[in-house]
Every structure is written in structure tokens, then in C-alpha cells.
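Note: the block below is model14.csv and it holds CSV, C-alpha atoms.
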chain,number,residue,atom,x,y,z
P,268,MET,CA,12.5,-97.0,-4.2
P,269,GLY,CA,14.5,-97.3,-7.3
P,270,LEU,CA,15.2,-101.0,-7.2
P,271,HIS,CA,15.0,-101.3,-11.0
P,272,ARG,CA,18.1,-98.9,-11.1
P,273,VAL,CA,20.3,-101.2,-9.1
P,274,VAL,CA,22.9,-102.9,-11.5
P,275,GLU,CA,24.9,-104.7,-8.8
P,276,PRO,CA,24.6,-106.4,-6.5
P,277,ALA,CA,21.1,-107.7,-6.9
P,278,GLY,CA,18.6,-107.5,-4.1
P,279,VAL,CA,19.8,-104.3,-2.4
P,280,LEU,CA,18.4,-100.8,-2.2
P,281,PRO,CA,20.1,-98.1,-4.3
P,282,GLN,CA,22.1,-96.6,-1.4
P,283,GLY,CA,23.7,-100.0,-0.7
P,284,ALA,CA,24.4,-100.8,-4.4
P,285,TRP,CA,27.8,-100.7,-5.9
P,286,ARG,CA,26.5,-99.5,-9.2
P,287,LEU,CA,23.3,-97.8,-10.5
P,288,ASP,CA,21.8,-97.5,-13.9
P,289,GLY,CA,21.9,-93.8,-14.9
P,290,SER,CA,19.9,-94.2,-18.1
P,291,PRO,CA,18.1,-90.9,-18.9
P,292,GLU,CA,14.7,-92.5,-19.8
P,293,ILE,CA,12.5,-92.2,-16.8
P,294,ALA,CA,9.8,-94.5,-15.4
P,295,PRO,CA,6.3,-93.1,-14.9
P,296,ASN,CA,7.1,-92.5,-11.2
P,297,GLU,CA,10.5,-90.9,-11.7
P,298,VAL,CA,11.8,-87.4,-12.2
P,299,ARG,CA,14.9,-86.4,-14.2
P,300,ILE,CA,16.8,-83.4,-13.0
P,301,ARG,CA,19.2,-81.3,-15.2
P,302,VAL,CA,22.1,-80.9,-12.7
P,303,GLU,CA,23.6,-77.4,-12.0
P,304,ARG,CA,25.7,-78.0,-8.9
P,305,LEU,CA,26.7,-80.7,-6.5
P,306,ASN,CA,27.4,-80.2,-2.8
P,307,LEU,CA,29.8,-82.9,-1.6
P,308,ASP,CA,29.4,-84.2,1.9
P,309,ALA,CA,32.0,-82.5,4.2
P,310,ALA,CA,33.5,-85.8,5.4
P,311,SER,CA,33.8,-87.1,1.8
P,312,PHE,CA,35.4,-83.9,0.5
P,313,ARG,CA,37.9,-83.8,3.4
P,314,GLN,CA,38.9,-87.4,2.8
P,315,LEU,CA,39.5,-86.7,-0.9
P,316,TRP,CA,41.3,-83.5,-0.2
P,317,GLU,CA,43.6,-85.1,2.4
P,318,LYS,CA,44.2,-88.2,0.2
P,319,HIS,CA,45.4,-86.1,-2.7
P,320,GLY,CA,47.3,-83.6,-0.6
P,321,GLY,CA,45.2,-80.6,-1.7
P,322,ASP,CA,45.7,-81.3,-5.4
P,323,GLY,CA,42.4,-80.1,-6.9
P,324,ASP,CA,43.0,-81.7,-10.3
P,325,ARG,CA,43.4,-85.1,-8.6
P,326,VAL,CA,40.3,-84.6,-6.4
P,327,ARG,CA,38.3,-83.7,-9.5
P,328,ALA,CA,39.6,-86.7,-11.4
P,329,GLU,CA,38.6,-89.1,-8.6
P,330,VAL,CA,35.1,-87.6,-8.3
P,331,LEU,CA,34.6,-88.2,-12.0
P,332,GLU,CA,35.9,-91.7,-11.7
P,333,ILE,CA,33.6,-92.5,-8.8
P,334,VAL,CA,30.5,-91.2,-10.7
P,335,SER,CA,31.4,-92.9,-14.0
P,336,THR,CA,32.1,-96.2,-12.3
P,337,ARG,CA,29.3,-96.3,-9.8
P,338,GLY,CA,26.6,-94.3,-11.6
P,339,LYS,CA,26.3,-92.2,-8.4
P,340,MET,CA,28.5,-90.1,-6.1
P,341,GLN,CA,29.4,-92.3,-3.2
P,342,ASN,CA,32.9,-92.0,-1.7
P,343,PRO,CA,34.1,-95.6,-1.2
P,344,VAL,CA,36.0,-94.6,1.9
P,345,THR,CA,33.5,-92.6,3.8
P,346,GLY,CA,30.4,-94.1,2.2
P,347,SER,CA,28.9,-90.6,1.9
P,348,GLY,CA,27.9,-88.4,-1.0
P,349,GLY,CA,26.1,-85.1,-0.7
P,350,MET,CA,23.2,-83.6,-2.6
P,351,LEU,CA,22.5,-81.4,-5.6
P,352,ILE,CA,20.5,-78.5,-7.2
P,353,GLY,CA,19.2,-78.4,-10.7
P,354,THR,CA,16.1,-77.9,-12.9
P,355,VAL,CA,13.4,-80.4,-13.4
P,356,ASP,CA,13.8,-81.7,-16.9
P,357,GLU,CA,10.9,-84.2,-17.0
P,358,ALA,CA,8.5,-85.6,-14.4
P,359,GLY,CA,6.8,-88.9,-14.9
P,360,GLN,CA,3.0,-88.8,-14.8
P,361,ARG,CA,2.8,-91.0,-11.7
P,362,SER,CA,5.6,-89.2,-9.7
P,363,PRO,CA,4.2,-88.3,-6.3
P,364,LEU,CA,6.8,-85.5,-5.7
P,365,GLY,CA,4.7,-82.8,-7.2
P,366,LEU,CA,7.5,-81.4,-9.3
P,367,LYS,CA,7.0,-79.6,-12.6
P,368,ALA,CA,9.3,-79.2,-15.6
P,369,GLY,CA,11.3,-76.0,-15.3
P,370,GLU,CA,11.3,-75.8,-11.5
P,371,ARG,CA,14.7,-75.3,-9.8
P,372,VAL,CA,15.0,-77.7,-7.0
P,373,ALA,CA,17.4,-79.1,-4.4
P,374,THR,CA,17.4,-82.8,-3.8
P,375,LEU,CA,17.1,-83.7,-0.1
P,376,VAL,CA,18.3,-87.2,-0.5
P,377,SER,CA,21.9,-88.4,-0.7
P,378,LEU,CA,23.9,-88.6,-3.8
P,379,THR,CA,24.8,-92.1,-2.6
P,380,LEU,CA,21.4,-93.4,-3.8
P,381,THR,CA,20.8,-91.0,-6.7
P,382,PRO,CA,21.6,-92.1,-10.3
P,383,LEU,CA,23.9,-89.4,-11.6
P,384,VAL,CA,25.6,-88.8,-15.0
P,385,ILE,CA,28.1,-85.9,-15.4
P,386,THR,CA,28.4,-84.7,-19.0
P,387,ASP,CA,30.9,-81.8,-18.8
P,388,GLY,CA,33.9,-83.5,-17.2
P,389,LEU,CA,33.6,-81.0,-14.3
P,390,ALA,CA,35.3,-78.5,-16.4
P,391,ARG,CA,34.2,-75.6,-14.3
P,392,TRP,CA,35.3,-77.0,-10.9
P,393,ASP,CA,38.8,-76.7,-9.6
P,394,GLY,CA,38.5,-79.5,-7.1
P,395,ARG,CA,39.0,-77.1,-4.1
P,396,SER,CA,35.6,-76.7,-2.6
P,397,GLU,CA,32.6,-78.8,-1.6
P,398,GLN,CA,30.3,-77.1,-4.1
P,399,VAL,CA,30.8,-78.5,-7.6
P,400,PRO,CA,29.4,-76.6,-10.6
P,401,CYS,CA,28.6,-79.1,-13.3
P,402,ASP,CA,26.4,-80.2,-16.2
P,403,GLY,CA,24.6,-83.6,-16.2
P,404,TYR,CA,21.5,-85.2,-15.0
P,405,ALA,CA,20.1,-87.2,-12.1
P,406,ILE,CA,17.1,-89.3,-11.4
P,407,LEU,CA,14.7,-89.1,-8.4
P,408,PHE,CA,12.5,-91.9,-7.3
P,409,ALA,CA,9.0,-91.9,-5.9
P,410,ARG,CA,10.4,-92.2,-2.4
P,411,SER,CA,12.9,-89.3,-3.0
P,412,ILE,CA,12.6,-85.9,-1.4
P,413,ALA,CA,13.2,-82.5,-3.1
P,414,ALA,CA,12.5,-78.9,-2.4
P,415,VAL,CA,11.8,-76.1,-4.8
P,416,LEU,CA,14.5,-73.5,-4.3
P,417,PRO,CA,13.3,-70.3,-2.6
P,418,ALA,CA,13.3,-67.2,-4.8
P,419,ASP,CA,14.7,-64.9,-2.1
P,420,LEU,CA,18.0,-66.8,-1.5
P,421,HIS,CA,21.0,-67.3,-3.8
P,422,PRO,CA,21.0,-70.9,-5.0
P,423,GLU,CA,24.5,-71.6,-3.6
P,424,LEU,CA,23.3,-70.4,-0.2
P,425,SER,CA,20.2,-72.5,-0.4
P,426,LEU,CA,22.2,-75.6,-1.4
P,427,ALA,CA,24.6,-75.1,1.6
P,428,VAL,CA,21.7,-74.9,4.0
P,429,LEU,CA,19.6,-77.7,2.6
P,430,ASP,CA,22.6,-80.0,2.6
P,431,VAL,CA,22.5,-80.1,6.4
P,432,CYS,CA,18.9,-79.3,7.1
P,433,GLY,CA,18.3,-82.5,9.0
P,434,ALA,CA,20.7,-81.5,11.8
P,435,PRO,CA,18.8,-78.5,13.2
P,436,ALA,CA,15.4,-80.2,12.9
P,437,LEU,CA,16.5,-83.3,14.9
P,438,THR,CA,18.3,-81.1,17.4
P,439,ALA,CA,15.2,-79.0,17.9
P,440,ARG,CA,13.1,-82.1,18.4
P,441,VAL,CA,15.4,-83.6,21.0
P,442,VAL,CA,15.9,-80.4,22.9
P,443,ALA,CA,12.2,-79.6,23.0
P,444,GLY,CA,11.6,-83.1,24.3
P,445,TYR,CA,13.9,-82.4,27.3
P,446,VAL,CA,12.4,-79.0,27.9
P,447,ASP,CA,8.9,-80.4,27.9
P,448,GLN,CA,9.8,-83.3,30.1
P,449,ARG,CA,11.3,-81.0,32.8
P,450,ARG,CA,8.4,-78.6,32.6
P,451,ARG,CA,5.9,-81.4,33.2
P,452,VAL,CA,7.6,-82.7,36.3
P,453,GLY,CA,8.4,-79.3,37.7
P,454,ASP,CA,12.2,-79.6,37.2
P,455,PRO,CA,13.6,-76.1,37.1
P,456,ARG,CA,17.0,-77.1,35.6
P,457,PRO,CA,17.8,-75.6,32.2
P,458,VAL,CA,18.6,-77.9,29.4
P,459,ASN,CA,22.2,-77.6,28.4
P,460,VAL,CA,23.4,-78.3,24.9
P,461,ALA,CA,26.9,-78.8,23.4
P,462,VAL,CA,27.5,-78.6,19.7
P,463,ILE,CA,30.8,-80.0,18.6
P,464,GLY,CA,31.8,-78.1,15.4
P,465,GLY,CA,29.6,-75.2,16.3
P,466,ALA,CA,31.0,-72.8,13.6
P,467,GLY,CA,30.3,-75.1,10.7
P,468,LYS,CA,27.1,-75.4,8.6
P,469,SER,CA,25.2,-78.0,10.6
P,470,GLY,CA,26.7,-76.8,13.8
P,471,SER,CA,25.6,-73.2,13.6
P,472,LEU,CA,22.1,-74.2,12.5
P,473,SER,CA,22.0,-76.7,15.4
P,474,LEU,CA,23.0,-74.0,17.9
P,475,ALA,CA,20.3,-71.7,16.6
P,476,ALA,CA,17.7,-74.5,16.7
P,477,ALA,CA,18.6,-75.5,20.2
P,478,ARG,CA,18.1,-72.0,21.4
P,479,ARG,CA,14.8,-71.7,19.6
P,480,ALA,CA,13.7,-75.0,21.2
P,481,GLY,CA,14.2,-73.7,24.7
P,482,ALA,CA,17.8,-74.7,25.6
P,483,GLY,CA,19.0,-72.8,28.7
P,484,ARG,CA,22.7,-72.8,28.0
P,485,THR,CA,24.6,-73.7,24.9
P,486,VAL,CA,28.3,-74.2,24.1
P,487,GLY,CA,29.8,-74.3,20.7
P,488,VAL,CA,33.1,-76.2,20.5
P,489,VAL,CA,35.6,-75.4,17.8
P,490,PRO,CA,39.2,-76.4,17.1
P,491,VAL,CA,40.9,-73.2,16.2
P,492,VAL,CA,41.0,-69.5,17.3
P,493,ALA,CA,39.6,-68.2,14.0
P,494,GLU,CA,36.5,-70.3,14.3
P,495,ARG,CA,36.1,-69.3,18.0
P,496,ASP,CA,36.2,-65.7,17.0
P,497,ALA,CA,33.7,-66.2,14.2
P,498,LEU,CA,31.3,-68.1,16.5
P,499,VAL,CA,31.5,-65.5,19.2
P,500,ALA,CA,30.8,-62.7,16.7
P,501,ALA,CA,27.8,-64.7,15.4
P,502,GLY,CA,26.3,-64.7,18.9
P,503,LEU,CA,24.7,-68.2,18.5
P,504,ALA,CA,26.1,-69.8,21.7
P,505,THR,CA,26.1,-68.9,25.4
P,506,GLU,CA,29.7,-70.0,25.5
P,507,VAL,CA,32.4,-70.9,22.9
P,508,ALA,CA,35.1,-73.4,23.8
P,509,LEU,CA,38.4,-74.4,22.1
P,510,ALA,CA,39.1,-78.1,22.0
P,511,ASP,CA,40.2,-80.9,19.7
P,512,ALA,CA,37.2,-83.1,19.5
P,513,ARG,CA,39.4,-86.1,18.9
P,514,ASP,CA,40.9,-85.7,22.4
P,515,PRO,CA,38.2,-87.2,24.6
P,516,VAL,CA,39.4,-85.7,27.9
P,517,ALA,CA,40.1,-82.3,26.5
P,518,LEU,CA,36.7,-82.2,24.9
P,519,SER,CA,34.9,-83.3,28.0
P,520,VAL,CA,36.8,-80.7,30.1
P,521,ALA,CA,36.0,-77.9,27.7
P,522,VAL,CA,32.3,-78.7,27.7
P,523,THR,CA,32.0,-79.2,31.4
P,524,THR,CA,34.0,-76.1,32.2
P,525,ALA,CA,31.8,-74.0,29.8
P,526,LEU,CA,28.5,-75.3,31.1
P,527,GLY,CA,29.5,-76.0,34.7
P,528,MET,CA,28.4,-79.6,34.1
P,529,PRO,CA,28.2,-82.1,31.2
P,530,ALA,CA,25.7,-81.4,28.5
P,531,ASP,CA,22.2,-82.9,28.5
P,532,VAL,CA,22.3,-83.0,24.7
P,533,THR,CA,25.5,-83.2,22.7
P,534,VAL,CA,25.4,-82.7,18.9
P,535,VAL,CA,28.4,-83.9,16.9
P,536,CYS,CA,28.8,-82.0,13.6
P,537,VAL,CA,32.5,-82.3,12.8
P,538,ASP,CA,33.7,-84.0,9.6
P,539,VAL,CA,36.7,-85.9,11.1
P,540,PRO,CA,36.7,-89.4,12.7
P,541,GLY,CA,37.6,-90.1,16.3
P,542,CYS,CA,35.2,-87.8,18.1
P,543,GLU,CA,32.9,-90.4,19.5
P,544,HIS,CA,34.4,-91.0,22.9
P,545,GLY,CA,34.8,-87.3,23.7
P,546,ALA,CA,31.1,-86.7,22.9
P,547,VAL,CA,30.1,-89.5,25.2
P,548,LEU,CA,32.3,-88.2,28.0
P,549,ALA,CA,30.9,-84.7,27.6
P,550,THR,CA,27.3,-85.8,28.1
P,551,GLU,CA,25.5,-86.2,31.4
P,552,ASP,CA,24.2,-89.6,32.4
P,553,GLY,CA,20.6,-89.8,31.0
P,554,GLY,CA,21.5,-87.4,28.3
P,555,THR,CA,21.5,-87.8,24.5
P,556,VAL,CA,24.3,-87.7,21.9
P,557,ILE,CA,23.3,-86.9,18.3
P,558,PHE,CA,25.9,-88.0,15.8
P,559,PHE,CA,25.4,-85.9,12.7
P,560,SER,CA,28.6,-86.6,10.8
P,561,MET,CA,29.4,-89.2,8.2
P,562,ALA,CA,32.8,-89.5,9.7
P,563,THR,CA,31.3,-91.2,12.8
P,564,SER,CA,32.2,-94.8,13.6
P,565,PHE,CA,29.1,-96.1,15.2
P,566,ALA,CA,30.9,-99.1,16.5
P,567,ALA,CA,33.4,-96.9,18.3
P,568,ALA,CA,30.5,-94.9,19.7
P,569,ALA,CA,28.6,-97.9,21.0
P,570,LEU,CA,31.6,-99.8,22.4
P,571,GLY,CA,33.1,-96.6,23.8
P,572,ALA,CA,29.9,-95.8,25.7
P,573,GLU,CA,29.8,-99.4,27.0
P,574,GLY,CA,33.4,-99.2,28.1
P,575,LEU,CA,32.8,-95.9,29.9
P,576,ALA,CA,29.7,-97.2,31.6
P,577,ALA,CA,27.9,-94.2,30.2
P,578,ASP,CA,24.1,-94.2,30.4
P,579,VAL,CA,23.5,-92.1,27.3
P,580,THR,CA,21.1,-92.4,24.4
P,581,MET,CA,22.9,-92.2,21.0
P,582,LEU,CA,21.0,-91.1,17.9
P,583,VAL,CA,22.0,-91.3,14.3
P,584,GLY,CA,21.1,-88.2,12.4
P,585,ASN,CA,19.6,-89.7,9.3
P,586,GLY,CA,19.1,-86.4,7.5
P,587,TYR,CA,15.3,-86.5,7.4
P,588,VAL,CA,12.8,-84.9,9.8
P,589,PRO,CA,9.4,-83.7,8.5
P,590,GLY,CA,9.6,-80.0,7.9
P,591,HIS,CA,13.4,-79.9,8.0
P,592,ALA,CA,14.0,-77.8,4.9
P,593,GLU,CA,11.5,-75.1,6.0
P,594,LEU,CA,13.0,-75.0,9.5
P,595,ALA,CA,16.6,-74.6,8.3
P,596,LEU,CA,15.8,-71.9,5.7
P,597,GLY,CA,13.7,-70.1,8.4
P,598,LEU,CA,16.8,-70.1,10.7
P,599,LEU,CA,19.0,-68.7,7.9
P,600,ARG,CA,16.5,-65.9,7.2
P,601,SER,CA,15.9,-65.0,10.9
P,602,GLU,CA,19.3,-65.5,12.5
P,603,PRO,CA,21.9,-63.0,11.3
P,604,GLY,CA,24.7,-65.0,12.9
P,605,VAL,CA,23.8,-68.1,11.0
P,606,ARG,CA,23.7,-66.2,7.7
P,607,ALA,CA,27.0,-64.5,8.4
P,608,LEU,CA,28.7,-67.8,9.0
P,609,PHE,CA,27.3,-69.4,5.9
P,610,GLU,CA,28.1,-66.5,3.6
P,611,ALA,CA,31.7,-66.3,5.0
P,612,ARG,CA,32.1,-70.0,4.3
P,613,LEU,CA,30.8,-69.6,0.7
P,614,THR,CA,33.1,-66.6,0.1
P,615,ALA,CA,36.1,-68.6,1.4
P,616,ASP,CA,35.2,-71.5,-0.9
As C-alpha cells - that is how I would like this structure written.
Amino acid sequence: MGLHRVVEPAGVLPQGAWRLDGSPEIAPNEVRIRVERLNLDAASFRQLWEKHGGDGDRVRAEVLEIVSTRGKMQNPVTGSGGMLIGTVDEAGQRSPLGLKAGERVATLVSLTLTPLVITDGLARWDGRSEQVPCDGYAILFARSIAAVLPADLHPELSLAVLDVCGAPALTARVVAGYVDQRRRVGDPRPVNVAVIGGAGKSGSLSLAAARRAGAGRTVGVVPVVAERDALVAAGLATEVALADARDPVALSVAVTTALGMPADVTVVCVDVPGCEHGAVLATEDGGTVIFFSMATSFAAAALGAEGLAADVTMLVGNGYVPGHAELALGLLRSEPGVRALFEARLTAD
């Protein structure tokens, strides 16, 4: 679990530590990765971008400061990090990850718990995108997760997909559960799904996963006309609605109008705070809200649901579901709309 890498405070796991030891020498159950590119968590990058008024040089300087101070990439405001791709430099003889020197991999664990050292000062990054080309190294523990990069996809595209692969897998699991339950009791009602932030990375994958899992109707909610048009063109949702997810009533009205009723499952994929109450209002009693954003205030979600007397189950998307990488990459390969949205985002970055 990497406990020996915790510098301070003592007694916590690496994710909860303030500082990690990034020494390059590995233990027998560790793996050292030569880093090629980071993918910063969307909520973290947005916070840094807004804090520095879009000044890429200042964003780059703060990321360097965080990594050098903490021995990992963990935004002190959002608490989130991201993930990376690189090449296996050395694998300890007792590492259970099955990785071999020379393999190009993506880490499927957060940078908030991954010892990281940057050696090039981020000289090739302008501070203006979530993807960060860099040189350096990172350490994986025995309980880490990593995937060998597929040969048929560009590494940047794979990185973007694998960064959010937990969202479609959890969405598929929850939706399939509702579909199966209604089938068993002879309930003919379709399962309705709302995805808040449907044109984004995790949102587009979640819409595709919900449809594959048997959802009857889906609505993708986006904040601006350009995203609405892109999501309509992608063909991933039955309906596309415009609403500011931070406006609880507007969000609820948009979802209810599009579906004809509140959603059975609502998936929150936006990277801004303040979307908790709207997601609860947009969900049918007995339904489920999946919060898959590091901008979520879980206190606000819990207390908001209590204050609204809303009988909803709320799930934290923790980023890991068995088979999540394969599922997400499969959706990218088989859903032209998903691929189009991802490629457009990478081109814009």
C-alpha cells in the first residue's frame, strides 16, 4: 500500500499524506515508471486555471511547486490529482502487477497517492491544458492498478479515456441493476438516465454505457449551446438539455421536461462545485445519484437530500470497477459519437 513512502504525517495511507518519498530506488514489490505525460483531474485543472486567471505560466509554476513540495500531484484545494502514462523502467521481482520493463502503461490510480518526481521543469507544457507532457518518474505499489496502452489507439487518446474509465463502468452497473430489477418483477417502465455534463469525457462515456446497459431514455445536460450541438451530433442521448447544473430548479426542470419525469439514475460528471442539490432534485424518489466529480461536496449532497426529504441513494464514484479500462476503451472503439467528442476535445486542447 506504500506506507513506507509516507513522510508526513505518520500513520496515514499515501493518499492522505501531506508528503511522499519519491526516491527512485524501488522495493521488491514496487514498479518505477518513466513518465511521459500527466492528465490532470478536470476539477483540479479548472481550479488552477481560474485561480491564475488563465495564465499558463503561473499554472505550470504551481503544479511544479505542488509536486516538488508534496512528492505527488495533489491539488491542495480540490484534493484531486489525475493519472499518467509512461514506460515501465523497472519492476520489482515481487510486484504483483505483471508489468515488464519497456511496456507503455497508463496508471489507473490517482496521482494523489503516487510518488512523483518531475525532472524537466515541465518545459514542454504551456499550462493551458489538462494533459501535461513531461519527463520524470513515478512509483507504483503492489495495490496500484495500471493498464498496458493499446497499440491501436494514440497514447493521448488512451490517456484521456482511461482517466475517467470508472464512470461508465459504475454507470453501467447501476443501470443494469435497475433494468434487471424491473424485468424480474414485470415492471414495464423504462429506466431513465440523466447525465449532467454529458458532452465531457466521463459524461459521454456514461451516456454510451447507460444505453448499452439497457436504459430506455437518456438525457445529457450541458451548459452551453456549443456543447449541446456537439452532443446532439454525437447521437449518444435520447434528449439533450441546456441548463446550469449549479441552479437546482433549472436543472431539475430541464431533466424532468426532457424525460417527462425525474431520472431513475442521475450521473454527475461536471467539474464545478455546487451541482449537488440540482442532481438530487432531478432524481426520482427511490432513484440513485452517482457523483463522479472531484468538485462534489459530499456534505452538501447529504444535507441537501435530507433537507429536501429526498429518498435517493447517493454513490461516490471511486474510480475503480473491475474491468473498467476494457469497458471504456471498448466504448471508444465502438461508439463513433464518443470518439468524435474525445478527439475534438484533444484537438481543442
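Interatomic distance, CA of Ala284 (chain P) against CA of Ser347 (chain P): 12.8 Å.
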Exercise: Ala443 (chain P) partners within 6 Å, all atoms listed in the file, chain neighbours under 4 positions left out, as a ChimeraX atom specification: /P:439,447,480
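Residues surrounding Val344 (chain P) within 10 Å are Ala310, Ser311, Gln314, Leu315 and Ala562 of chain P [all atoms listed in the file; sequence separation below 4 positions excluded].
Between CA of Ala493 (chain P) and CA of Leu424 (chain P) the interatomic distance comes to 21.7 Å.
Restricting the calculation to only C-alpha atoms, the smallest distance between Pro435 (chain P) and any of P:His591, P:His544, P:Arg299, P:Arg484 is found for P:His591.
For the pair CA of Gly346 (chain P) and CA of Tyr587 (chain P), the interatomic distance is 17.7 Å.
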Closest of P:Gly359, P:Pro455, P:Gly269, P:Gly388 to Gly289 (chain P) - atom-to-atom distances counting all atoms listed in the file: P:Gly269
Ala525 (chain P) surroundings by all atoms listed in the file, 10 Å radius, close-in-sequence under 2 positions cut, as a PyMOL selection string: chain P and resi 461+484-488+505-508+519-523+527-530
Distance query Gly348 (chain P) at most 10 Å, all atoms listed in the file, self and fewer than 5 positions along chain excluded, as a ChimeraX atom specification: /P:305-312,339-343,376-381,561
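With all atoms listed in the file as the atoms that count, the minimum distance from Asp578 (chain P) to the choices P:Ala595, P:Leu548, P:Val302, P:Leu407 is reached by P:Leu548.
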Selection: 9 Å around Cys432 (chain P), only C-alpha atoms, excl. self and same-chain fewer than 5 positions, as a PyMOL selection string: chain P and resi 375+427+469+472+586-588+591-596
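Counting all atoms listed in the file, the residue from P:Gly590, P:Pro422, P:Gly464, P:Pro400 that sits nearest to Val539 (chain P) is P:Gly464.
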